[in-house]
$ cat run34.csv   # CSV, C-alpha atoms
chain,number,residue,atom,x,y,z
A,233,VAL,CA,-27.7,-37.7,-31.9
A,234,SER,CA,-26.4,-40.6,-33.9
A,235,GLU,CA,-22.6,-40.9,-33.5
A,236,ARG,CA,-21.1,-43.4,-31.2
A,237,ILE,CA,-18.4,-41.1,-29.7
A,238,PHE,CA,-17.1,-41.9,-26.2
A,239,PRO,CA,-15.3,-38.9,-24.7
A,240,VAL,CA,-12.8,-39.8,-22.0
A,241,ARG,CA,-11.1,-37.5,-19.6
A,242,ASN,CA,-7.4,-37.1,-19.7
A,243,PRO,CA,-6.5,-39.0,-16.6
A,244,SER,CA,-3.7,-36.6,-15.6
A,245,VAL,CA,-6.1,-33.7,-15.4
A,246,VAL,CA,-7.2,-32.7,-11.9
A,247,ALA,CA,-10.6,-31.2,-11.2
A,248,ARG,CA,-11.6,-29.0,-8.3
A,249,GLU,CA,-15.2,-28.0,-8.0
A,250,ILE,CA,-16.0,-24.5,-6.6
A,251,GLU,CA,-19.7,-23.7,-6.2
A,252,ASN,CA,-21.2,-23.9,-9.7
A,253,GLU,CA,-17.9,-24.0,-11.6
A,254,CYS,CA,-14.9,-26.3,-11.9
A,255,ILE,CA,-11.2,-25.7,-12.2
A,256,LEU,CA,-9.4,-28.1,-14.4
A,257,TYR,CA,-5.6,-28.3,-14.1
A,258,ALA,CA,-3.6,-30.0,-16.8
A,259,PRO,CA,-0.2,-30.6,-15.2
A,260,GLU,CA,1.5,-31.7,-18.4
A,261,ALA,CA,0.6,-28.5,-20.2
A,262,LYS,CA,0.7,-26.5,-16.9
A,263,MET,CA,-2.6,-24.9,-17.8
A,264,VAL,CA,-5.5,-24.1,-15.6
A,265,TYR,CA,-9.1,-23.8,-17.0
A,266,VAL,CA,-12.3,-22.7,-15.4
A,267,VAL,CA,-15.5,-24.3,-16.7
A,268,ASN,CA,-19.1,-23.5,-16.0
A,269,ALA,CA,-21.7,-25.8,-14.5
A,270,THR,CA,-22.8,-27.3,-17.8
A,271,ALA,CA,-19.2,-28.0,-18.9
A,272,ARG,CA,-18.5,-29.4,-15.4
A,273,ASP,CA,-21.4,-31.8,-15.7
A,274,VAL,CA,-20.3,-32.9,-19.2
A,275,TRP,CA,-16.8,-33.3,-17.9
A,276,ASN,CA,-17.9,-35.5,-15.1
A,277,LEU,CA,-19.8,-37.8,-17.6
A,278,CYS,CA,-16.8,-38.2,-19.9
A,279,ASP,CA,-15.7,-41.5,-18.4
A,280,GLY,CA,-15.3,-43.3,-21.6
A,281,LYS,CA,-18.4,-45.4,-20.9
A,282,HIS,CA,-21.0,-42.7,-21.8
A,283,ASP,CA,-21.3,-41.9,-25.4
A,284,LEU,CA,-22.3,-38.5,-26.7
A,285,GLU,CA,-26.0,-39.4,-26.9
A,286,LYS,CA,-26.0,-40.6,-23.3
A,287,ILE,CA,-24.2,-37.6,-22.1
A,288,VAL,CA,-26.7,-35.3,-23.7
A,289,SER,CA,-29.7,-37.2,-22.3
A,290,LYS,CA,-28.1,-37.2,-18.8
A,291,VAL,CA,-27.4,-33.5,-18.9
A,292,TYR,CA,-30.9,-32.9,-20.3
A,293,GLU,CA,-32.4,-34.3,-17.1
A,294,GLU,CA,-30.7,-31.5,-15.1
A,295,TYR,CA,-31.4,-28.5,-17.3
A,296,ASP,CA,-34.6,-26.8,-18.5
A,297,VAL,CA,-33.4,-26.4,-22.1
A,298,GLU,CA,-34.4,-27.5,-25.6
A,299,MET,CA,-32.8,-30.8,-26.6
A,300,ASN,CA,-31.4,-29.5,-29.9
A,301,VAL,CA,-29.8,-26.5,-28.1
A,302,LEU,CA,-28.3,-28.7,-25.4
A,303,GLU,CA,-26.9,-31.1,-28.0
A,304,ARG,CA,-25.2,-28.3,-29.8
A,305,ASP,CA,-23.8,-27.0,-26.5
A,306,VAL,CA,-22.6,-30.4,-25.4
A,307,ARG,CA,-20.9,-31.0,-28.7
A,308,LYS,CA,-19.2,-27.6,-28.4
A,309,ILE,CA,-18.0,-28.3,-24.9
A,310,ILE,CA,-16.6,-31.7,-25.8
A,311,SER,CA,-14.9,-30.2,-28.9
A,312,ASP,CA,-13.4,-27.3,-26.8
A,313,LEU,CA,-12.1,-29.7,-24.1
A,314,GLU,CA,-10.7,-32.0,-26.7
A,315,LYS,CA,-8.9,-29.2,-28.5
A,316,VAL,CA,-7.0,-28.2,-25.3
A,317,GLY,CA,-6.2,-31.8,-24.4
A,318,LEU,CA,-8.5,-32.2,-21.4
A,319,LEU,CA,-10.2,-35.2,-23.0
A,320,SER,CA,-10.0,-37.4,-26.0
A,321,CYS,CA,-12.8,-39.1,-28.1
A,322,SER,CA,-12.9,-42.7,-29.0
A,323,ARG,CA,-15.2,-44.7,-31.2
A,324,GLU,CA,-15.2,-47.5,-28.7
A,325,PRO,CA,-16.2,-47.5,-25.0
A,326,SER,CA,-13.4,-47.5,-22.5
A,327,ILE,CA,-13.2,-50.7,-20.4
A,328,ASN,CA,-12.1,-49.1,-17.2
A,329,GLY,CA,-13.2,-45.5,-17.8
A,330,SER,CA,-11.3,-42.8,-16.1
A,331,THR,CA,-11.3,-41.3,-12.7
A,332,ILE,CA,-11.3,-37.7,-11.5
B,242,MET,CA,34.3,-1.3,3.1
B,243,PRO,CA,31.7,-4.0,2.8
B,244,ARG,CA,28.8,-3.9,5.3
B,245,HIS,CA,26.6,-6.5,6.7
B,246,LEU,CA,22.8,-6.0,6.8
B,247,PHE,CA,20.7,-8.5,8.7
B,248,LEU,CA,17.1,-9.1,7.6
B,249,ARG,CA,14.6,-11.3,9.4
B,250,VAL,CA,11.5,-12.1,7.3
B,251,PHE,CA,8.9,-14.5,8.8
B,252,GLY,CA,11.6,-16.6,10.5
B,253,ARG,CA,14.1,-16.5,7.7
B,254,ASP,CA,17.4,-14.9,8.5
B,255,ILE,CA,19.3,-13.2,5.7
B,256,ASP,CA,22.9,-12.0,6.1
B,257,LEU,CA,23.6,-9.6,3.3
B,258,GLU,CA,27.2,-8.3,2.7
B,259,THR,CA,27.7,-5.5,0.3
B,260,ASP,CA,29.9,-2.5,-0.5
B,261,ASN,CA,27.4,-0.9,-2.8
B,262,ALA,CA,26.0,2.3,-1.3
B,263,GLU,CA,22.9,2.2,-3.5
B,264,ILE,CA,22.0,-1.3,-2.3
B,265,ILE,CA,22.5,-0.3,1.3
B,266,TRP,CA,20.2,2.7,0.8
B,267,MET,CA,17.6,0.5,-0.9
B,268,VAL,CA,17.6,-2.2,1.7
B,269,GLU,CA,17.5,0.3,4.6
B,270,ASN,CA,14.5,2.0,3.0
B,271,LEU,CA,12.6,-0.8,1.4
B,272,TYR,CA,13.0,-3.3,4.2
B,273,ARG,CA,13.6,-1.1,7.2
B,274,TYR,CA,11.0,-3.1,9.3
B,275,PHE,CA,12.9,-6.4,8.6
B,276,LEU,CA,16.3,-5.1,9.6
B,277,VAL,CA,17.6,-6.5,12.9
B,278,SER,CA,20.9,-6.3,14.7
B,279,GLY,CA,23.1,-9.3,13.9
B,280,PRO,CA,25.0,-11.3,13.4
B,281,PHE,CA,23.0,-14.5,12.9
B,282,GLU,CA,24.6,-17.7,14.1
B,283,ASN,CA,23.0,-19.8,11.3
B,284,PRO,CA,21.4,-17.5,8.7
B,285,SER,CA,19.0,-19.1,6.2
B,286,VAL,CA,20.8,-17.3,3.4
B,287,ARG,CA,24.1,-15.6,3.1
B,288,MET,CA,24.3,-13.1,0.2
B,289,ARG,CA,27.0,-10.9,-1.1
B,290,PHE,CA,26.8,-8.2,-3.7
B,291,VAL,CA,30.4,-7.3,-4.5
B,292,SER,CA,31.4,-4.4,-6.7
B,293,ALA,CA,34.8,-3.6,-5.3
B,294,ASP,CA,36.0,-1.9,-8.4
B,295,GLY,CA,33.4,0.9,-7.9
B,296,GLU,CA,31.3,0.0,-11.0
B,297,PRO,CA,27.5,0.0,-10.6
B,298,GLY,CA,27.0,-3.8,-11.2
B,299,GLY,CA,28.3,-6.6,-9.0
B,300,LEU,CA,28.7,-10.3,-8.5
B,301,VAL,CA,25.9,-11.9,-6.6
B,302,VAL,CA,26.9,-14.7,-4.3
B,303,GLU,CA,24.3,-16.8,-2.4
B,304,ASN,CA,25.4,-19.3,0.2
B,305,GLY,CA,28.8,-19.5,-1.4
B,306,VAL,CA,27.6,-19.9,-4.9
B,307,CYS,CA,28.1,-17.3,-7.6
B,308,LEU,CA,24.5,-17.0,-8.9
B,309,TYR,CA,25.3,-15.6,-12.3
B,310,GLY,CA,28.8,-17.1,-12.8
B,311,ASP,CA,31.3,-14.3,-13.2
B,312,GLN,CA,28.7,-12.0,-14.9
B,313,LYS,CA,28.0,-8.8,-13.1
B,314,THR,CA,24.4,-8.0,-12.5
B,315,SER,CA,22.4,-4.8,-12.2
B,316,LEU,CA,20.9,-3.3,-9.1
B,317,VAL,CA,17.4,-4.3,-10.3
B,318,GLU,CA,18.5,-7.9,-10.8
B,319,PHE,CA,20.1,-8.0,-7.4
B,320,LEU,CA,17.0,-6.7,-5.7
B,321,SER,CA,14.9,-9.3,-7.5
B,322,THR,CA,17.3,-12.0,-6.3
B,323,LEU,CA,17.3,-10.7,-2.7
B,324,TRP,CA,13.5,-10.7,-2.9
B,325,ARG,CA,13.3,-14.3,-3.9
B,326,ALA,CA,15.8,-15.2,-1.1
B,327,MET,CA,13.5,-13.5,1.3
B,328,ILE,CA,10.2,-15.2,0.3
B,329,ASP,CA,11.1,-18.5,-1.2
B,330,GLY,CA,11.5,-20.5,2.0
B,331,ILE,CA,8.6,-19.0,3.9
B,332,GLU,CA,6.3,-21.8,5.2
B,333,ASP,CA,2.6,-21.9,5.9
B,334,ARG,CA,2.1,-18.6,4.2
B,335,GLU,CA,1.1,-17.7,0.7
B,336,ILE,CA,2.5,-14.5,-0.8
B,337,PHE,CA,0.5,-12.7,-3.5
B,338,HIS,CA,1.3,-9.8,-5.7
B,339,ALA,CA,-1.4,-7.7,-4.1
B,340,ALA,CA,-2.0,-4.8,-1.7
B,341,ALA,CA,-3.9,-5.2,1.6
B,342,VAL,CA,-5.5,-3.0,4.2
B,343,GLY,CA,-7.0,-3.9,7.6
B,344,HIS,CA,-10.6,-2.7,8.3
B,345,GLY,CA,-12.0,-3.3,11.8
B,346,GLU,CA,-11.5,-6.9,12.6
B,347,SER,CA,-11.0,-8.0,9.0
B,348,SER,CA,-8.8,-7.4,6.0
B,349,ILE,CA,-9.2,-6.7,2.3
B,350,LEU,CA,-6.9,-8.1,-0.4
B,351,MET,CA,-6.6,-6.0,-3.6
B,352,LEU,CA,-5.4,-7.9,-6.7
B,353,GLY,CA,-4.7,-6.4,-10.1
B,354,ASP,CA,-2.4,-6.1,-13.0
B,355,PRO,CA,0.5,-3.7,-12.7
B,356,GLU,CA,-0.7,-0.1,-12.9
B,357,SER,CA,-4.3,-1.1,-12.1
B,358,GLY,CA,-4.4,1.2,-9.1
B,359,LYS,CA,-3.6,-1.0,-6.1
B,360,THR,CA,-1.1,1.4,-4.6
B,361,THR,CA,-3.3,4.5,-5.3
B,362,LEU,CA,-6.4,2.8,-3.7
B,363,THR,CA,-4.4,1.7,-0.7
B,364,LEU,CA,-3.1,5.2,-0.1
B,365,GLY,CA,-6.7,6.5,-0.8
B,366,LEU,CA,-8.2,4.2,1.8
B,367,LEU,CA,-5.5,5.0,4.4
B,368,LYS,CA,-6.1,8.7,3.8
B,369,LYS,CA,-9.9,8.7,3.7
B,370,GLY,CA,-10.2,6.1,6.4
B,371,ARG,CA,-7.9,7.5,9.1
B,372,GLY,CA,-8.5,5.4,12.2
B,373,VAL,CA,-10.6,3.0,10.2
B,374,PHE,CA,-8.2,1.4,7.8
B,375,SER,CA,-4.7,0.1,8.8
B,376,LEU,CA,-1.7,-0.6,6.6
B,377,LEU,CA,-0.9,-4.2,5.8
B,378,ALA,CA,0.9,-4.3,2.5
B,379,GLU,CA,1.4,-2.5,-0.7
B,380,GLU,CA,3.1,-4.8,-3.2
B,381,ALA,CA,3.3,-8.2,-1.6
B,382,SER,CA,0.6,-9.5,0.7
B,383,VAL,CA,1.3,-12.4,3.1
B,384,VAL,CA,-1.6,-14.7,3.9
B,385,ASP,CA,-1.2,-17.1,6.8
B,386,THR,CA,-2.9,-20.1,5.2
B,387,THR,CA,-3.7,-22.0,8.4
B,388,ARG,CA,-5.5,-19.1,10.0
B,389,GLY,CA,-6.8,-17.4,6.8
B,390,GLN,CA,-5.3,-14.1,8.0
B,391,ILE,CA,-3.4,-11.4,6.2
B,392,GLU,CA,-0.2,-10.5,8.1
B,393,PRO,CA,1.4,-7.1,7.8
B,394,PHE,CA,4.3,-7.0,5.4
B,395,PRO,CA,5.6,-3.4,5.8
B,396,ARG,CA,7.8,-3.1,2.8
B,397,ALA,CA,8.2,0.5,1.7
B,398,PHE,CA,5.8,1.7,-1.0
B,399,THR,CA,7.0,2.1,-4.5
B,400,VAL,CA,4.8,4.8,-6.1
B,401,THR,CA,4.5,6.1,-9.6
B,402,GLU,CA,4.7,9.8,-10.3
B,403,GLN,CA,0.9,9.9,-11.2
B,404,THR,CA,0.0,8.5,-7.8
B,405,LEU,CA,2.3,10.9,-6.0
B,406,LYS,CA,0.5,13.8,-7.7
B,407,LEU,CA,-2.8,12.7,-6.1
B,408,PHE,CA,-1.4,12.9,-2.6
B,409,SER,CA,-0.2,16.2,-1.4
B,410,GLU,CA,0.8,14.5,1.8
B,411,LEU,CA,3.6,12.9,-0.1
B,412,CYS,CA,5.0,16.0,-1.7
B,413,PHE,CA,8.3,15.7,0.2
B,414,VAL,CA,9.2,12.4,-1.5
B,415,SER,CA,12.2,12.9,-3.7
B,416,LYS,CA,14.3,9.8,-3.8
B,417,ARG,CA,13.5,7.4,-6.7
B,418,ILE,CA,14.4,4.1,-8.1
B,419,TYR,CA,14.2,2.7,-11.5
B,420,GLY,CA,11.8,-0.1,-11.6
B,421,LYS,CA,11.6,-2.8,-14.3
B,422,ARG,CA,8.6,-1.2,-16.0
B,423,THR,CA,8.3,2.3,-14.8
B,424,VAL,CA,10.2,4.8,-12.7
B,425,LYS,CA,8.9,4.6,-9.2
B,426,TRP,CA,9.5,6.6,-6.0
B,427,ILE,CA,10.2,4.9,-2.7
B,428,VAL,CA,8.0,6.0,0.2
B,429,SER,CA,9.2,4.4,3.4
B,430,ILE,CA,6.7,2.9,5.8
B,431,ASP,CA,7.5,5.6,8.4
B,432,GLU,CA,6.7,8.2,5.8
B,433,VAL,CA,3.3,6.6,5.0
B,434,VAL,CA,2.5,6.2,8.7
B,435,ASP,CA,3.4,9.8,9.4
B,436,ALA,CA,1.8,11.3,6.3
B,437,PHE,CA,-1.6,9.6,6.8
B,438,SER,CA,-1.6,9.2,10.6
B,439,VAL,CA,-2.2,5.4,10.2
B,440,GLU,CA,-0.9,2.4,12.0
B,441,ILE,CA,0.6,-0.8,10.7
B,442,GLY,CA,-2.1,-3.4,11.2
B,443,ARG,CA,-2.0,-6.6,13.0
B,444,PRO,CA,-2.8,-10.0,11.4
B,445,LEU,CA,-6.5,-9.9,10.5
B,446,PRO,CA,-8.9,-12.5,8.9
B,447,LEU,CA,-9.4,-12.0,5.2
B,448,SER,CA,-13.0,-10.8,4.5
B,449,HIS,CA,-12.9,-9.4,1.0
B,450,ILE,CA,-10.9,-10.0,-2.2
B,451,LEU,CA,-11.1,-7.2,-4.8
B,452,LEU,CA,-9.8,-7.7,-8.4
B,453,LEU,CA,-9.0,-4.2,-9.7
B,454,LYS,CA,-9.7,-3.4,-13.3
B,455,ALA,CA,-8.4,-0.1,-14.5
B,456,SER,CA,-10.7,2.1,-16.6
B,457,GLU,CA,-9.3,4.4,-19.2
B,458,ASP,CA,-7.4,7.2,-17.5
B,459,PHE,CA,-9.1,6.3,-14.1
B,460,LYS,CA,-12.1,8.5,-14.9
B,461,GLY,CA,-15.7,8.2,-14.0
B,462,PRO,CA,-17.4,6.4,-11.2
B,463,ALA,CA,-16.1,3.1,-9.8
B,464,LYS,CA,-18.3,0.0,-10.0
B,465,LEU,CA,-18.4,-3.3,-8.3
B,466,GLU,CA,-19.3,-6.6,-9.9
B,467,ARG,CA,-19.6,-10.0,-8.3
B,468,LEU,CA,-16.8,-12.4,-9.2
B,469,SER,CA,-17.2,-16.1,-9.4
B,470,PRO,CA,-15.1,-18.0,-6.8
B,471,ALA,CA,-13.4,-20.1,-9.6
B,472,ARG,CA,-12.3,-16.9,-11.4
B,473,VAL,CA,-10.9,-15.5,-8.2
B,474,VAL,CA,-9.0,-18.8,-7.6
B,475,LEU,CA,-7.5,-18.4,-11.0
B,476,GLU,CA,-6.6,-14.8,-10.4
B,477,LEU,CA,-5.0,-15.7,-7.0
B,478,CYS,CA,-2.9,-18.4,-8.6
B,479,LYS,CA,-1.7,-16.1,-11.3
B,480,ARG,CA,-0.5,-13.6,-8.7
B,481,SER,CA,1.0,-16.1,-6.2
B,482,LEU,CA,4.7,-15.2,-5.5
B,483,SER,CA,5.2,-18.4,-3.5
B,484,ALA,CA,7.5,-21.1,-4.7
B,485,HIS,CA,5.3,-24.2,-4.6
B,486,SER,CA,6.1,-27.7,-5.6
B,487,SER,CA,2.9,-27.8,-7.6
B,488,VAL,CA,0.2,-25.5,-9.1
B,489,LEU,CA,-2.3,-27.8,-7.4
B,490,THR,CA,-1.1,-26.6,-4.0
B,491,SER,CA,-1.7,-23.0,-5.1
B,492,ILE,CA,-5.2,-23.9,-6.4
B,493,ASP,CA,-6.1,-25.6,-3.1
B,494,ILE,CA,-4.8,-22.7,-1.0
B,495,ALA,CA,-6.7,-20.2,-3.2
B,496,ARG,CA,-9.8,-22.3,-2.9
B,497,LEU,CA,-9.6,-22.3,0.8
B,498,LEU,CA,-9.2,-18.5,1.0
B,499,VAL,CA,-12.0,-17.9,-1.5
B,500,SER,CA,-14.4,-20.1,0.5
B,501,ARG,CA,-14.1,-17.7,3.4
B,502,THR,CA,-14.3,-14.3,1.6
B,503,LYS,CA,-16.6,-12.1,-0.5
B,504,CYS,CA,-15.1,-11.5,-4.0
B,505,PHE,CA,-15.7,-8.6,-6.3
B,506,GLN,CA,-14.3,-7.1,-9.4
B,507,LEU,CA,-13.7,-3.4,-8.8
B,508,ASN,CA,-13.8,-1.3,-11.9
B,509,VAL,CA,-11.5,1.5,-10.8
B,510,GLY,CA,-12.7,5.1,-11.6
B,511,GLU,CA,-11.7,8.4,-10.1
B,512,LEU,CA,-10.0,8.0,-6.8
B,513,ASP,CA,-12.7,9.5,-4.6
B,514,SER,CA,-15.4,7.4,-6.2
B,515,THR,CA,-13.2,4.2,-5.9
B,516,VAL,CA,-12.5,4.8,-2.3
B,517,LYS,CA,-16.1,5.5,-1.4
B,518,THR,CA,-17.2,2.3,-3.2
B,519,VAL,CA,-14.8,0.2,-1.2
B,520,VAL,CA,-15.7,2.0,2.1
B,521,GLY,CA,-19.4,1.4,1.3
B,522,LEU,CA,-18.7,-2.3,0.5
B,523,VAL,CA,-16.8,-3.1,3.7
B,524,SER,CA,-19.1,-1.0,5.9
B,525,ASP,CA,-22.2,-3.0,5.0
$ encode --input "run34.csv" --output "C-alpha cells"
Amino acid sequence: VSERIFPVRNPSVVAREIENECILYAPEAKMVYVVNATARDVWNLCDGKHDLEKIVSKVYEEYDVEMNVLERDVRKIISDLEKVGLLSCSREPSINGSTI
Amino acid sequence: MPRHLFLRVFGRDIDLETDNAEIIWMVENLYRYFLVSGPFENPSVRMRFVSADGEPGGLVVENGVCLYGDQKTSLVEFLSTLWRAMIDGIEDREIFHAAAVGHGESSILMLGDPESGKTTLTLGLLKKGRGVFSLLAEEASVVDTTRGQIEPFPRAFTVTEQTLKLFSELCFVSKRIYGKRTVKWIVSIDEVVDAFSVEIGRPLPLSHILLLKASEDFKGPAKLERLSPARVVLELCKRSLSAHSSVLTSIDIARLLVSRTKCFQLNVGELDSTVKTVVGLVSD
C-alpha cells in the first residue's frame, strides 16, 4: 500500500448500525444503503485523518484474513462508497476530519 | 342527491360528500368498519367528489380546495386521494404496505411486492388456523410505534381471481373493482370473518416479520431463510405508507421494530406448504 489517499465521509450522510451491518442514508440523493461489517469498519475509519494504508492496517487487526486480500477489499469498498457519493478521497489529510 | 359518509380512522374524522353511487358502494364495502354516524363538529378532512352531470369522473375537493383544479378524476384516483387523507395525519403509528395476522399473544407482519402472495397467505393462515390466527390487516398494516404492536386495520380484502380460485369459501364473491395493476374483487371484512370463522384481532406485539418472495407459479415447497436486520429495515422503509418529514424517521422506527422481532425471508411455494411453514415457525 503506497498511495497517500485520505478517504473522508460525506458529512451529510447519516449512519445507523444494526447488529453487524450499517445503514447509510444520503439525504441529498435520498438514497439508503446497507453495508456489511467490513464496509462499516472502513466507513468508520474514513475520517480524513487515516490514509488508505492506515485503514487497511486497522481493519487487519480485526479480521483473520490475508493482507493482500484485505487491501483489495478495502480499495473496492472505498471505491464503491466514493462512486455513490458517500465519501470522497483527498491527497491531503483533513484538518478536522468528519463526524458520523 | 349528494350523501355524506363519516369515517373515523385512528382519531381522524373524515366527512365525505358524494353523489357517486360507485364511490358510496366502495366506501361502504372497503371501509365499513370505519364508518360512524355523523356529523362531525370539526372533521379533520372534508372531502367532496362531485359528478352532478352523471359522468363517471368527478371533481375532488378537500377542505375547500379543488385538488386537481377543474380536471375531473377517475374513481381510482379518488380512492387513492381518500386513502391518503385517511392515513396522512395519523400520529404515533407507522403504516406499511403489508398484511398481518395475530397468533396467540403476538402478531406477524408479512411484507412483499405486489402479487407476492400476501393476501393468499393471510387467507390461508386464517383458514388453516381457525381459532389460532386472527385477522389484523390485508393491505395496510398499522403499527403502534410506541408499544410495538400491530393494530387491527379491518379494511376489506382486495383479492385477485387466482387467489379467489384457491378458496371455495369465497365462491359467492361477485362484485369487483378495477385496481391500478390488476382486476381485483372486494371481499368485505364480514365476509372474511363469516367464511373462515375468524375474529378481528386485538392489538398484539409484533413477533415476526416475513418478507415474501414469490417463486415461479407458486409451485414447490416453501422455504424460510434468515434475513439480516438491516435488510429488513430497508424493506420496511420501502413499504412505509406514512408521510414522514424525513427518511431517517422511517429508518429509526423500522430499526426499533426490527430489534424486537424475528425476521425471515419466506420463499413462497404451494399454499399448503407455505401455510405449514409459517405455522411451524410461529409455533416453535
$ atom_distance --input "run34.csv" --atom1 "atom CA of Phe437 of chain B" --atom2 "atom CA of Phe398 of chain B"
13.3 Å
$ residues_near_point --input "run34.csv" --point "(-8.7, -13.3, -1.5)" --cutoff "7 Å" --atoms "all atoms listed in the file" --output "ChimeraX atom specification"
/B:350,447,449-450,498-499,502
$ residues_around --input "run34.csv" --residues "Asn300 of chain A" --least-positions-apart "4" --cutoff "12 Å" --atoms "only C-alpha atoms" --output "ChimeraX atom specification"
/A:233,285,288-289,292,304-307
$ closest_residue --input "run34.csv" --among "B:Ala339, B:Ile418, B:Leu512, B:Leu445" --to "Lys368 of chain B" --atoms "only C-alpha atoms"
B:Leu512
$ closest_atom_pairs --input "run34.csv" --of "chain A" --to "chain B" --cutoff "9 Å" --atoms "all atoms listed in the file" --output "tab-separated table"
residue	atom	partner	partner_atom	distance
A:Val246	CA	B:Leu489	CA	8.3
A:Arg248	CA	B:Asp493	CA	8.3
A:Glu249	CA	B:Ala471	CA	8.3
A:Ile250	CA	B:Ala471	CA	5.9
A:Glu251	CA	B:Pro470	CA	7.3
A:Asn252	CA	B:Ala471	CA	8.7
A:Glu253	CA	B:Ala471	CA	6.3
A:Cys254	CA	B:Ala471	CA	6.8
A:Ile255	CA	B:Ala471	CA	6.6
A:Tyr257	CA	B:Leu489	CA	7.5
A:Pro259	CA	B:Val488	CA	8.0
A:Lys262	CA	B:Val488	CA	7.9
A:Val264	CA	B:Leu475	CA	7.6
A:Tyr265	CA	B:Leu475	CA	8.2
A:Val266	CA	B:Ala471	CA	6.5
A:Val267	CA	B:Ala471	CA	8.5
$ atom_distance --input "run34.csv" --atom1 "atom CA of Lys454 of chain B" --atom2 "atom CA of Val523 of chain B"
18.4 Å
$ residues_around --input "run34.csv" --residues "Ser429 of chain B" --least-positions-apart "4" --cutoff "10 Å" --atoms "all atoms listed in the file" --output "ChimeraX atom specification"
/B:269-274,395-399,414,433-435
$ closest_residue --input "run34.csv" --among "A:Asn268, A:Met263, A:Cys278, A:Val297" --to "Asn242 of chain A" --atoms "only C-alpha atoms"
A:Cys278
$ atom_distance --input "run34.csv" --atom1 "atom CA of Lys425 of chain B" --atom2 "atom CA of Cys412 of chain B"
14.2 Å
$ residues_around --input "run34.csv" --residues "Pro446 of chain B" --least-positions-apart "6" --cutoff "9 Å" --atoms "all atoms listed in the file" --output "mmCIF file with C-alpha atoms, in the frame of the given file"
data_model
loop_
_atom_site.group_PDB
_atom_site.id
_atom_site.type_symbol
_atom_site.label_atom_id
_atom_site.label_comp_id
_atom_site.auth_asym_id
_atom_site.auth_seq_id
_atom_site.Cartn_x
_atom_site.Cartn_y
_atom_site.Cartn_z
ATOM 1 C CA GLY B 343 -7.000 -3.900 7.600
ATOM 2 C CA GLU B 346 -11.500 -6.900 12.600
ATOM 3 C CA SER B 347 -11.000 -8.000 9.000
ATOM 4 C CA SER B 348 -8.800 -7.400 6.000
ATOM 5 C CA ILE B 349 -9.200 -6.700 2.300
ATOM 6 C CA ARG B 388 -5.500 -19.100 10.000
ATOM 7 C CA GLY B 389 -6.800 -17.400 6.800
ATOM 8 C CA GLN B 390 -5.300 -14.100 8.000
ATOM 9 C CA ILE B 391 -3.400 -11.400 6.200
ATOM 10 C CA GLU B 392 -0.200 -10.500 8.100
#
$ residues_around --input "run34.csv" --residues "Leu277 of chain A" --least-positions-apart "2" --cutoff "9 Å" --atoms "only C-alpha atoms" --output "short mmCIF file (atom, residue, chain, number, x, y, z; two decimals) with C-alpha atoms, in the coordinates of the input"
data_model
loop_
_atom_site.label_atom_id
_atom_site.label_comp_id
_atom_site.auth_asym_id
_atom_site.auth_seq_id
_atom_site.Cartn_x
_atom_site.Cartn_y
_atom_site.Cartn_z
CA PRO A 239 -15.30 -38.90 -24.70
CA VAL A 240 -12.80 -39.80 -22.00
CA ARG A 241 -11.10 -37.50 -19.60
CA ARG A 272 -18.50 -29.40 -15.40
CA ASP A 273 -21.40 -31.80 -15.70
CA VAL A 274 -20.30 -32.90 -19.20
CA TRP A 275 -16.80 -33.30 -17.90
CA ASP A 279 -15.70 -41.50 -18.40
CA GLY A 280 -15.30 -43.30 -21.60
CA LYS A 281 -18.40 -45.40 -20.90
CA HIS A 282 -21.00 -42.70 -21.80
CA ASP A 283 -21.30 -41.90 -25.40
CA LYS A 286 -26.00 -40.60 -23.30
CA ILE A 287 -24.20 -37.60 -22.10
CA LYS A 290 -28.10 -37.20 -18.80
CA VAL A 291 -27.40 -33.50 -18.90
#
$ closest_residue --input "run34.csv" --among "B:Met288, B:Ala378, B:Val424, B:Met242" --to "Ile255 of chain B" --atoms "all atoms listed in the file"
B:Met288
$ closest_residue --input "run34.csv" --among "B:His344, B:Lys406, B:Arg325, B:Lys464" --to "Leu366 of chain B" --atoms "all atoms listed in the file"
B:His344
$ residues_around --input "run34.csv" --residues "Leu482 of chain B" --least-positions-apart "4" --cutoff "7 Å" --atoms "only C-alpha atoms" --output "ChimeraX atom specification"
/B:336-338
$ closest_residue --input "run34.csv" --among "B:Gly510, B:Pro243, B:Gly252, B:Gly330" --to "Ser292 of chain B" --atoms "all atoms listed in the file"
B:Pro243
$ closest_residue --input "run34.csv" --among "B:Leu257, B:Val473, B:Ile331, B:Leu522" --to "Asp385 of chain B" --atoms "all atoms listed in the file"
B:Ile331
